[in-house]
file input.csv (CSV, C-alpha atoms)
chain,number,residue,atom,x,y,z
A,984,MET,CA,21.7,-8.4,-39.6
A,985,VAL,CA,20.1,-7.1,-36.4
A,986,VAL,CA,17.5,-4.4,-36.7
A,987,VAL,CA,17.2,-2.1,-33.6
A,988,SER,CA,13.9,-0.7,-32.9
A,989,THR,CA,13.6,3.0,-32.0
A,990,SER,CA,10.5,2.7,-30.0
A,991,ARG,CA,10.6,2.3,-26.2
A,992,ARG,CA,8.3,0.0,-24.5
A,993,VAL,CA,7.2,1.3,-21.2
A,994,ARG,CA,4.6,-0.3,-19.0
A,995,GLY,CA,3.3,3.0,-17.6
A,996,LYS,CA,1.0,3.0,-14.6
A,997,VAL,CA,0.0,-0.5,-13.7
A,998,VAL,CA,-1.1,-0.4,-10.0
A,999,GLY,CA,-4.8,0.2,-9.8
A,1000,SER,CA,-5.5,0.2,-13.5
A,1001,ALA,CA,-7.7,-2.9,-13.4
A,1002,ALA,CA,-9.6,-1.5,-10.4
A,1003,GLU,CA,-10.2,1.8,-12.2
A,1004,LYS,CA,-11.5,0.0,-15.3
A,1005,ARG,CA,-14.0,-2.0,-13.1
A,1006,MET,CA,-15.0,1.1,-11.2
A,1007,LYS,CA,-15.7,3.0,-14.5
A,1008,ALA,CA,-17.6,0.0,-15.9
A,1009,LEU,CA,-19.8,-0.3,-12.8
A,1010,GLY,CA,-20.1,3.4,-12.1
A,1011,VAL,CA,-19.8,2.9,-8.3
A,1012,LYS,CA,-17.0,2.2,-5.8
A,1013,LEU,CA,-15.8,-1.3,-5.7
A,1014,ASN,CA,-17.2,-3.3,-2.7
A,1015,VAL,CA,-14.8,-5.1,-0.4
A,1016,PRO,CA,-16.8,-7.2,2.1
A,1017,LEU,CA,-15.5,-8.2,5.5
A,1018,GLY,CA,-15.1,-11.9,6.1
A,1019,GLU,CA,-17.0,-13.8,8.7
A,1020,MET,CA,-16.3,-13.0,12.3
A,1021,SER,CA,-14.0,-10.0,11.6
A,1022,GLY,CA,-11.8,-12.1,9.3
A,1023,PRO,CA,-9.8,-10.8,6.4
A,1024,PHE,CA,-11.4,-9.1,3.5
A,1025,GLU,CA,-12.9,-11.4,0.8
A,1026,GLY,CA,-14.3,-11.1,-2.6
A,1027,VAL,CA,-13.2,-10.2,-6.1
A,1028,ASN,CA,-11.8,-6.8,-5.0
A,1029,ALA,CA,-10.0,-7.9,-1.9
A,1030,SER,CA,-6.5,-8.3,-3.4
A,1031,THR,CA,-6.7,-5.0,-5.4
A,1032,PHE,CA,-7.9,-3.3,-2.2
A,1033,ALA,CA,-4.8,-4.5,-0.4
A,1034,ILE,CA,-2.6,-3.3,-3.2
A,1035,GLU,CA,-4.3,0.1,-3.3
A,1036,LEU,CA,-3.9,0.4,0.5
A,1037,GLY,CA,-0.3,-0.6,0.3
A,1038,SER,CA,0.5,2.0,-2.4
A,1039,HIS,CA,-0.9,4.7,-0.2
A,1040,ILE,CA,1.0,3.4,2.9
A,1041,TRP,CA,4.3,3.4,0.9
A,1042,ARG,CA,3.7,7.0,-0.3
A,1043,ILE,CA,2.4,8.5,2.9
A,1044,ALA,CA,3.6,6.6,5.9
A,1045,PRO,CA,6.8,7.6,7.8
A,1046,TYR,CA,9.8,5.4,7.7
A,1047,ASP,CA,10.9,5.9,11.3
A,1048,LYS,CA,8.0,4.3,13.1
A,1049,PRO,CA,8.6,0.7,14.3
A,1050,THR,CA,4.9,-0.5,13.7
A,1051,TRP,CA,1.7,0.8,12.2
A,1052,SER,CA,0.2,1.0,15.7
A,1053,VAL,CA,2.5,3.9,16.7
A,1054,VAL,CA,1.8,5.9,13.5
A,1055,ASP,CA,-0.4,8.8,14.5
A,1056,ASP,CA,-4.0,9.1,13.4
A,1057,GLY,CA,-3.1,12.2,11.4
A,1058,THR,CA,-1.1,9.9,9.1
A,1059,ARG,CA,-3.4,6.9,9.1
A,1060,GLU,CA,-6.5,8.9,8.2
A,1061,PRO,CA,-5.3,10.1,4.8
A,1062,VAL,CA,-4.2,6.6,3.9
A,1063,TYR,CA,-7.7,5.2,4.7
A,1064,MET,CA,-9.4,8.2,3.0
A,1065,ALA,CA,-7.4,7.7,-0.2
A,1066,ALA,CA,-8.3,4.0,-0.3
A,1067,SER,CA,-12.0,4.8,0.4
A,1068,GLN,CA,-12.2,6.9,-2.8
A,1069,LYS,CA,-12.1,3.8,-5.0
A,1070,TYR,CA,-13.3,1.1,-2.6
A,1071,ASP,CA,-16.4,0.8,-0.4
A,1072,PHE,CA,-15.2,-1.1,2.6
A,1073,GLY,CA,-18.0,-0.2,4.9
A,1074,ASP,CA,-18.3,2.5,7.5
A,1075,TRP,CA,-14.7,2.2,8.8
A,1076,LYS,CA,-15.0,5.3,10.9
A,1077,THR,CA,-17.7,3.9,13.2
A,1078,ASP,CA,-17.8,0.1,12.6
A,1079,GLN,CA,-15.4,-1.5,15.2
A,1080,ALA,CA,-15.0,-4.8,13.2
A,1081,MET,CA,-14.1,-2.9,10.1
A,1082,GLN,CA,-11.6,-0.7,11.9
A,1083,VAL,CA,-9.9,-3.8,13.3
A,1084,ALA,CA,-9.8,-5.5,9.9
A,1085,VAL,CA,-8.4,-2.5,8.1
A,1086,HIS,CA,-5.9,-1.9,10.8
A,1087,LYS,CA,-4.6,-5.5,10.7
A,1088,LEU,CA,-4.2,-5.3,7.0
A,1089,ALA,CA,-2.4,-2.0,7.2
A,1090,MET,CA,-0.1,-3.4,10.0
A,1091,HIS,CA,0.8,-6.3,7.8
A,1092,ILE,CA,1.5,-4.1,4.8
A,1093,TYR,CA,3.6,-1.6,6.8
A,1094,ARG,CA,5.6,-4.5,8.3
A,1095,GLU,CA,6.4,-5.8,4.8
A,1096,PHE,CA,7.3,-2.2,3.8
A,1097,ARG,CA,9.7,-1.8,6.7
A,1098,SER,CA,11.2,-5.2,6.0
A,1099,GLU,CA,12.0,-4.3,2.4
A,1100,LEU,CA,13.6,-1.0,3.5
A,1101,HIS,CA,15.8,-3.0,6.0
A,1102,LYS,CA,16.8,-5.5,3.3
A,1103,LYS,CA,17.8,-2.7,1.0
A,1104,TYR,CA,19.8,-1.0,3.8
A,1105,LYS,CA,21.7,-4.2,4.6
A,1106,GLN,CA,22.4,-4.8,0.9
A,1107,LEU,CA,23.9,-1.3,0.5
A,1108,LEU,CA,26.0,-1.8,3.6
A,1109,GLY,CA,27.2,-5.2,2.3
A,1110,GLU,CA,28.2,-3.6,-1.0
A,1111,GLY,CA,30.2,-0.9,0.8
A,1112,HIS,CA,27.8,2.0,0.0
A,1113,ASP,CA,26.7,4.7,2.3
A,1114,PRO,CA,22.9,4.0,2.8
A,1115,ARG,CA,22.3,7.7,3.5
A,1116,GLN,CA,23.2,8.4,-0.2
A,1117,TYR,CA,20.3,6.2,-1.3
A,1118,PRO,CA,16.9,7.4,0.0
A,1119,PRO,CA,14.0,4.9,0.1
A,1120,ASP,CA,11.9,4.6,-3.1
A,1121,PRO,CA,8.2,5.3,-2.5
call {"tool": "encode", "arguments": {"input": "input.csv", "output": "structure tokens"}}
result
Amino acid sequence: MVVVSTSRRVRGKVVGSAAEKRMKALGVKLNVPLGEMSGPFEGVNASTFAIELGSHIWRIAPYDKPTWSVVDDGTREPVYMAASQKYDFGDWKTDQAMQVAVHKLAMHIYREFRSELHKKYKQLLGEGHDPRQYPPDP
């Protein structure tokens, strides 16, 4: 005899939940130090910072720009501001090394984002669907 459960297991919000718990426990923004000689970010919070930045890029960035470099500052600024609410990644407005590091990370994330959109488009074409009927998922 098979018993069917009536409860639904739903994961809920997962992105950023660990970072929020750490931020509440510490009572301050999470620090994300820059690596030596303008290298990538390092430390315990580096990966969660990249995930947070990526979630804002996916939500805010336009789909029609070929690279992050051609996205206007009016779009980039809200992405960086949203990430800076949880993470302390230095004075990114005036520190040139920090600007370069954040921009490189955002470029990489945006490139992956566009690649995923392109793969989905090609898959829909291959299945015989009209891609215009399936808008991108944020």
call {"tool": "atom_distance", "arguments": {"input": "input.csv", "atom1": "CA of Lys1076 (chain A)", "atom2": "CA of Asn1014 (chain A)"}}
result
16.2 Å
call {"tool": "closest_residue", "arguments": {"input": "input.csv", "among": "A:Met1081, A:Leu1013, A:Ile1092, A:Ile1034", "to": "Thr1050 (chain A)", "atoms": "only C-alpha atoms"}}
result
A:Ile1092
call {"tool": "closest_residue", "arguments": {"input": "input.csv", "among": "A:Lys1048, A:Arg1115, A:Arg1059, A:Lys1069", "to": "Arg1097 (chain A)", "atoms": "all atoms listed in the file"}}
result
A:Lys1048
call {"tool": "residues_near_point", "arguments": {"input": "input.csv", "point": "(-4.7, 4.8, 5.8)", "cutoff": "9 Å", "atoms": "all atoms listed in the file", "output": "PyMOL selection string"}}
result
chain A and resi 1036-1037+1039-1040+1043-1044+1056+1058-1066+1085-1086+1089
call {"tool": "atom_distance", "arguments": {"input": "input.csv", "atom1": "CA of Tyr1070 (chain A)", "atom2": "CA of Lys1004 (chain A)"}}
result
12.9 Å
call {"tool": "closest_residue", "arguments": {"input": "input.csv", "among": "A:Ala1084, A:Val1027, A:Met1090, A:Met1006", "to": "Pro1049 (chain A)", "atoms": "only C-alpha atoms"}}
result
A:Met1090
call {"tool": "closest_residue", "arguments": {"input": "input.csv", "among": "A:Gln1079, A:Ser1098, A:Gln1068, A:Gln1106", "to": "Phe1032 (chain A)", "atoms": "all atoms listed in the file"}}
result
A:Gln1068
call {"tool": "residues_around", "arguments": {"input": "input.csv", "residues": "Asn1028 (chain A)", "least_positions_apart": "2", "cutoff": "12 Å", "atoms": "only C-alpha atoms", "output": "PyMOL selection string"}}
result
chain A and resi 999+1001-1003+1005-1006+1012-1017+1024-1026+1030-1035+1069-1072
call {"tool": "atom_distance", "arguments": {"input": "input.csv", "atom1": "CA of Val1083 (chain A)", "atom2": "CA of Arg1042 (chain A)"}}
result
22.1 Å
